[in-house]
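All remarks here apply to the structure that follows.
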Amino acid sequence: MLKRNGTVLWRELDGEAVLLDPAEGCTYNLNRVGTLIWKLIDGDHAASDIASAICQEFEVEHEQALQDMEHLFDEMRQHKLLQSDVSSLNTIV
Amino acid sequence: MLNSTLLDTLNKAASHSPGPLLCKTLFFHDVRITCQTNHPTILDILDEMLGIYPEPLRVRGEVTYSIFCYNPASQFPVQVPPDRRCTEAVRLLTRTKLKYYLSADYTLQYHRYSALPLVNEAALTVISPHGNIGLTQLEMPERYQAKFLRRYVLLIALGQLTRPFGFEPCHAAAITAPWDNQQGALIIGASGSGKTTLSLGCAVARSGLLGDDLVMLRNDAHLINAYTIMREVSVRSDSLDLWQALSFLRAFPADDRDKHYCTIEEIRTGATRITAPIRLLIFPSLSADKESRLTPLSKVSTLQMLVDECLSKKYMYPQAQERLFSLLGTLSEQARGYQLVVARGTTDGPRIVQTLFTGSS
């Protein structure tokens, strides 16, 4: 299961999240979809469950949601926002 | 255990200090500060800095702050231990080098100041944030610039000592609405962003002024309040060109950065307000445009700007980072954020800020 990097500080404001990586001093802004994904990558939800949750909240097909999530997770990995022991979305779909 | 070790150290420092021990109980808002020193001038400076705070109805906590003077610095009873960890090195505006260290077990902070001729001699502060104890050792205090001692040594130590009681230092100016001192605004920006000029302009326009460069923030039952930490303000000569009401300050001596120092009371007689809840967050910048511009910020953008200005570049304990991030998040929910681009040389900034307070005409 994907999981947030536990050292990253975050706060949701008006449905959007601000993330702070304290080690790098970098902040990131997630839109509403990204915020929903961020909240669900808690180690308890598989990617397909998260995609389903996105489809319920927003008008998007399941496959498209999975693709968008893959892109987001790639970016999150680059910025070390995910726990490092998770290598690929494919392993958890 | 930790406290007793530090108390032993303090007792050792006191017993090695030349001169009689002078003690005084002062307050920083609702924190009682038991001060002890072996130098009468230091007690006068502490009295001047902390004497503005009345004894609170309810004391929230207590710290002990000792300042001992020695000659030379090699006689300091407490030195930075060899197994320390250097966390940050900065060059202060006076060009003095200040290094921050943590003890190997993370329980003690050290602030070591290098001597700089005509500005300061060597100094070393050791703080136990959770032991409520601080010790500053000064070499030949008579050779210090008084404002250096106040701003860069004593204030930094007091700021760290009061952190366990919820206070967080914030590099910002703070004002209140002229008609309602329960509406505060933080003016946040790096040096040169125009925050001092803007806050002094607001004070001239009858706003209350809690501080022009540094204030403390605290979450009091889910309401973030700003607290005065320093009644001294510094004004550049070009600000005096803008605000005619402050032109009397030209008679005050200026330092090598062309800054005139005075007190809030001298800028605005009768200004005694020392705390206010924050309702506005203003991020000023100066531009060559002809007109000033105000842009409302979303809560997310407000928090990002707050983090950029107040948190992201600082080294802190992880718990302290988390606490400050939480406080800034609450502040973003509590207060409306605005970017204010002030046209250089214009005087409309204070008017724009004051129209943002509730109840303005």
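Each chain in the structure tokens gets a letter, A, B and so on, in the order shown; residues start at 1 in every chain, and ligands are counted from 1 in the order they appear.
Within chain A, the backbone-based DSSP assignment of strand (DSSP E) covers Leu9, Trp10, Arg11, Glu12, Leu13, Glu16, Ala17, Val18, Leu19, Leu20, Asp21, Cys26, Thr27, Tyr28, Asn29 and Leu30 of chain A.
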Kindly provide, as a PDB file with C-alpha atoms, in the first residue's frame, the residues of chain A having any atom no farther than 7 Å from an atom of chain B, counting only C-alpha atoms.
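Result file follows (result-v1.pdb):
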```pdb
ATOM      1  CA  LEU A   9       3.766  18.180   7.538  1.00  0.00           C
ATOM      2  CA  ARG A  11      -2.687  21.035   6.431  1.00  0.00           C
ATOM      3  CA  LEU A  13      -7.497  24.518   3.935  1.00  0.00           C
ATOM      4  CA  GLU A  16      -6.713  21.993  -0.697  1.00  0.00           C
ATOM      5  CA  VAL A  18      -0.345  22.513   1.744  1.00  0.00           C
ATOM      6  CA  PRO A  22      10.768  20.044   6.726  1.00  0.00           C
ATOM      7  CA  GLY A  25      12.157  23.432   3.456  1.00  0.00           C
ATOM      8  CA  CYS A  26       9.915  23.014   0.379  1.00  0.00           C
ATOM      9  CA  THR A  27       6.161  23.554   0.276  1.00  0.00           C
TER      10      THR A  27
END
```
All residues 9 Å or closer to region 38-40 of chain B, only C-alpha atoms, same chain fewer than 4 positions away omitted, as a list in words: Ala14, Ser17, Pro18, Gly19, Pro20, Leu21, Leu22, Cys23, Asp44, Ile45, Ser66, Ile67, Phe68, Cys69 and Pro141 of chain B
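Distances from B:Leu102, B:Ala115, B:Asp180, B:Gln145 to Ser128 (chain B) were compared using only C-alpha atoms, and the smallest one belongs to B:Leu102.
Near region 261-274 of chain B, within 7 Å and counting only C-alpha atoms, sit Ala203, Gly208, Leu209, Leu210, Tyr227, Thr228, Arg231, Glu232, Val233, Ser234 and Val235 of chain B, not including residues fewer than 5 positions from it in the same chain.
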Dump of C-alpha atoms for the selected residues, as an mmCIF file, in the first residue's frame:
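Generated output (part_8.cif):
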```cif
data_model
loop_
_atom_site.group_PDB
_atom_site.id
_atom_site.type_symbol
_atom_site.label_atom_id
_atom_site.label_comp_id
_atom_site.auth_asym_id
_atom_site.auth_seq_id
_atom_site.Cartn_x
_atom_site.Cartn_y
_atom_site.Cartn_z
ATOM 1 C CA ALA B 203 1.196 54.083 13.538
ATOM 2 C CA GLY B 208 -1.506 50.680 17.498
ATOM 3 C CA LEU B 209 1.980 49.283 17.049
ATOM 4 C CA LEU B 210 3.074 46.084 18.800
ATOM 5 C CA TYR B 227 2.618 39.793 21.572
ATOM 6 C CA THR B 228 5.119 42.588 21.848
ATOM 7 C CA ARG B 231 9.331 48.246 22.354
ATOM 8 C CA GLU B 232 12.296 49.564 20.386
ATOM 9 C CA VAL B 233 11.813 50.379 16.705
ATOM 10 C CA SER B 234 14.382 51.305 14.107
ATOM 11 C CA VAL B 235 13.640 53.791 11.356
#
```
Separating CA of Phe167 (chain B) from CA of Met216 (chain B), to the nearest tenth of an Å, is a gap of 5.8 Å
Tell me, as number ranges by chain, which residues lie within 7 Å of Glu168 (chain B), counting only C-alpha atoms; anything in the same chain fewer than 4 positions away does not count. B: 163, 216-218
Using DSSP on the backbone, list every residue of region 123-326 of chain B that comes out as helix (DSSP H, G or I), and give them as a PyMOL selection string. chain B and resi 141-143+146-161+163-165+195-204+237-242+244-251+264-267+299-310+318-326
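The nearest approach to Ala23 (chain A) among the residues A:Met69, A:Val8, A:Ile41, A:Cys55, with only C-alpha atoms taken into account, belongs to A:Val8.
Distance-wise, CA of Asp213 (chain B) and CA of Gln36 (chain B) end up 27.7 Å apart.
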I'd like the neighbourhood of region 334-342 of chain B as a PyMOL selection string, where a residue qualifies if any of its atoms comes within 10 Å (using only C-alpha atoms), though same-chain residues fewer than 2 positions away should be ignored. chain B and resi 184-188+193-194+198+222-224+277-303+305-306+328-332+344-350+352-353+356
What would the file look like if the residues just selected were written as an mmCIF file, in the first residue's frame with C-alpha atoms?
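Full text of selection.cif as output:
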```
data_model
loop_
_atom_site.group_PDB
_atom_site.id
_atom_site.type_symbol
_atom_site.label_atom_id
_atom_site.label_comp_id
_atom_site.auth_asym_id
_atom_site.auth_seq_id
_atom_site.Cartn_x
_atom_site.Cartn_y
_atom_site.Cartn_z
ATOM 1 C CA GLY B 184 -4.502 43.051 14.778
ATOM 2 C CA ALA B 185 -2.563 42.718 11.523
ATOM 3 C CA LEU B 186 0.767 41.089 10.914
ATOM 4 C CA ILE B 187 2.964 42.680 8.259
ATOM 5 C CA ILE B 188 5.312 39.958 7.135
ATOM 6 C CA SER B 193 10.199 44.495 1.884
ATOM 7 C CA GLY B 194 8.888 47.700 3.419
ATOM 8 C CA LEU B 198 4.376 50.441 6.336
ATOM 9 C CA HIS B 222 -7.517 28.470 19.258
ATOM 10 C CA LEU B 223 -6.980 32.199 18.765
ATOM 11 C CA ILE B 224 -3.578 33.346 17.560
ATOM 12 C CA PRO B 277 -5.590 38.854 18.020
ATOM 13 C CA ILE B 278 -4.507 38.654 14.388
ATOM 14 C CA ARG B 279 -7.202 39.249 11.769
ATOM 15 C CA LEU B 280 -5.091 40.320 8.768
ATOM 16 C CA LEU B 281 -1.876 39.067 7.230
ATOM 17 C CA ILE B 282 -0.183 41.541 4.907
ATOM 18 C CA PHE B 283 2.779 40.544 2.731
ATOM 19 C CA PRO B 284 4.256 43.811 1.448
ATOM 20 C CA SER B 285 6.790 44.404 -1.296
ATOM 21 C CA LEU B 286 8.074 47.564 -2.940
ATOM 22 C CA SER B 287 7.805 48.220 -6.648
ATOM 23 C CA ALA B 288 8.623 50.918 -9.196
ATOM 24 C CA ASP B 289 4.954 50.991 -10.272
ATOM 25 C CA LYS B 290 3.091 54.275 -9.998
ATOM 26 C CA GLU B 291 0.240 52.858 -7.954
ATOM 27 C CA SER B 292 0.109 50.445 -5.044
ATOM 28 C CA ARG B 293 -1.807 47.208 -5.591
ATOM 29 C CA LEU B 294 -3.604 44.919 -3.181
ATOM 30 C CA THR B 295 -4.287 41.258 -4.043
ATOM 31 C CA PRO B 296 -6.354 38.981 -1.774
ATOM 32 C CA LEU B 297 -4.797 35.573 -1.201
ATOM 33 C CA SER B 298 -6.484 32.201 -0.828
ATOM 34 C CA LYS B 299 -5.994 30.439 2.487
ATOM 35 C CA VAL B 300 -3.623 27.977 0.803
ATOM 36 C CA SER B 301 -1.500 30.763 -0.735
ATOM 37 C CA THR B 302 -1.508 32.555 2.614
ATOM 38 C CA LEU B 303 -0.180 29.478 4.391
ATOM 39 C CA MET B 305 3.670 32.490 2.057
ATOM 40 C CA LEU B 306 3.668 32.220 5.844
ATOM 41 C CA LEU B 328 0.689 29.037 10.901
ATOM 42 C CA GLY B 329 -2.099 26.787 9.586
ATOM 43 C CA THR B 330 -4.450 28.057 12.285
ATOM 44 C CA LEU B 331 -3.366 31.609 11.521
ATOM 45 C CA SER B 332 -4.228 31.097 7.828
ATOM 46 C CA ARG B 344 7.963 53.166 -3.900
ATOM 47 C CA GLY B 345 7.827 56.668 -2.478
ATOM 48 C CA THR B 346 4.052 56.729 -2.057
ATOM 49 C CA THR B 347 2.173 57.068 1.218
ATOM 50 C CA ASP B 348 -1.026 55.183 0.415
ATOM 51 C CA GLY B 349 0.030 51.869 2.036
ATOM 52 C CA PRO B 350 -1.345 52.606 5.536
ATOM 53 C CA ILE B 352 -4.996 50.587 2.096
ATOM 54 C CA VAL B 353 -4.176 48.426 5.107
ATOM 55 C CA LEU B 356 -9.084 46.034 5.395
#
```
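If you count only C-alpha atoms and ignore residues fewer than 2 places along the chain from region 34-40 of chain A, what sits within 7 Å of it is A:Glu16, A:Ala17, A:Leu30, A:Asn31, A:Arg32, A:Asp42, A:His45, A:Ile50.
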Preceding selection exported with N, CA and C atoms as a short mmCIF file (atom, residue, chain, number, x, y, z; two decimals), in the first residue's frame:
```cif
data_model
loop_
_atom_site.label_atom_id
_atom_site.label_comp_id
_atom_site.auth_asym_id
_atom_site.auth_seq_id
_atom_site.Cartn_x
_atom_site.Cartn_y
_atom_site.Cartn_z
N GLU A 16 -8.02 22.15 -0.05
CA GLU A 16 -6.71 21.99 -0.70
C GLU A 16 -5.63 21.84 0.37
N ALA A 17 -4.65 21.03 0.07
CA ALA A 17 -3.62 20.76 1.08
C ALA A 17 -2.33 21.52 0.77
N LEU A 30 -1.53 20.98 -3.14
CA LEU A 30 -2.32 19.98 -3.86
C LEU A 30 -3.72 20.52 -4.10
N ASN A 31 -4.24 20.28 -5.34
CA ASN A 31 -5.63 20.67 -5.60
C ASN A 31 -6.57 19.69 -4.89
N ARG A 32 -7.85 19.84 -5.16
CA ARG A 32 -8.83 19.04 -4.41
C ARG A 32 -8.67 17.54 -4.68
N ASP A 42 -2.72 6.29 3.11
CA ASP A 42 -2.42 6.15 4.53
C ASP A 42 -1.94 4.74 4.88
N HIS A 45 -5.26 1.96 2.09
CA HIS A 45 -6.06 1.97 0.87
C HIS A 45 -5.21 1.57 -0.33
N ILE A 50 -8.57 4.02 -4.06
CA ILE A 50 -8.43 5.48 -4.12
C ILE A 50 -9.04 6.00 -5.42
#
```
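Interatomic distance, CA of Asn71 (chain B) to CA of Leu124 (chain B): 13.1 Å.
Comparing B:Arg143, B:Arg257, B:Arg323, B:Lys195 by their smallest distance to Leu93 (chain B), the closest is B:Arg257 (using only C-alpha atoms).
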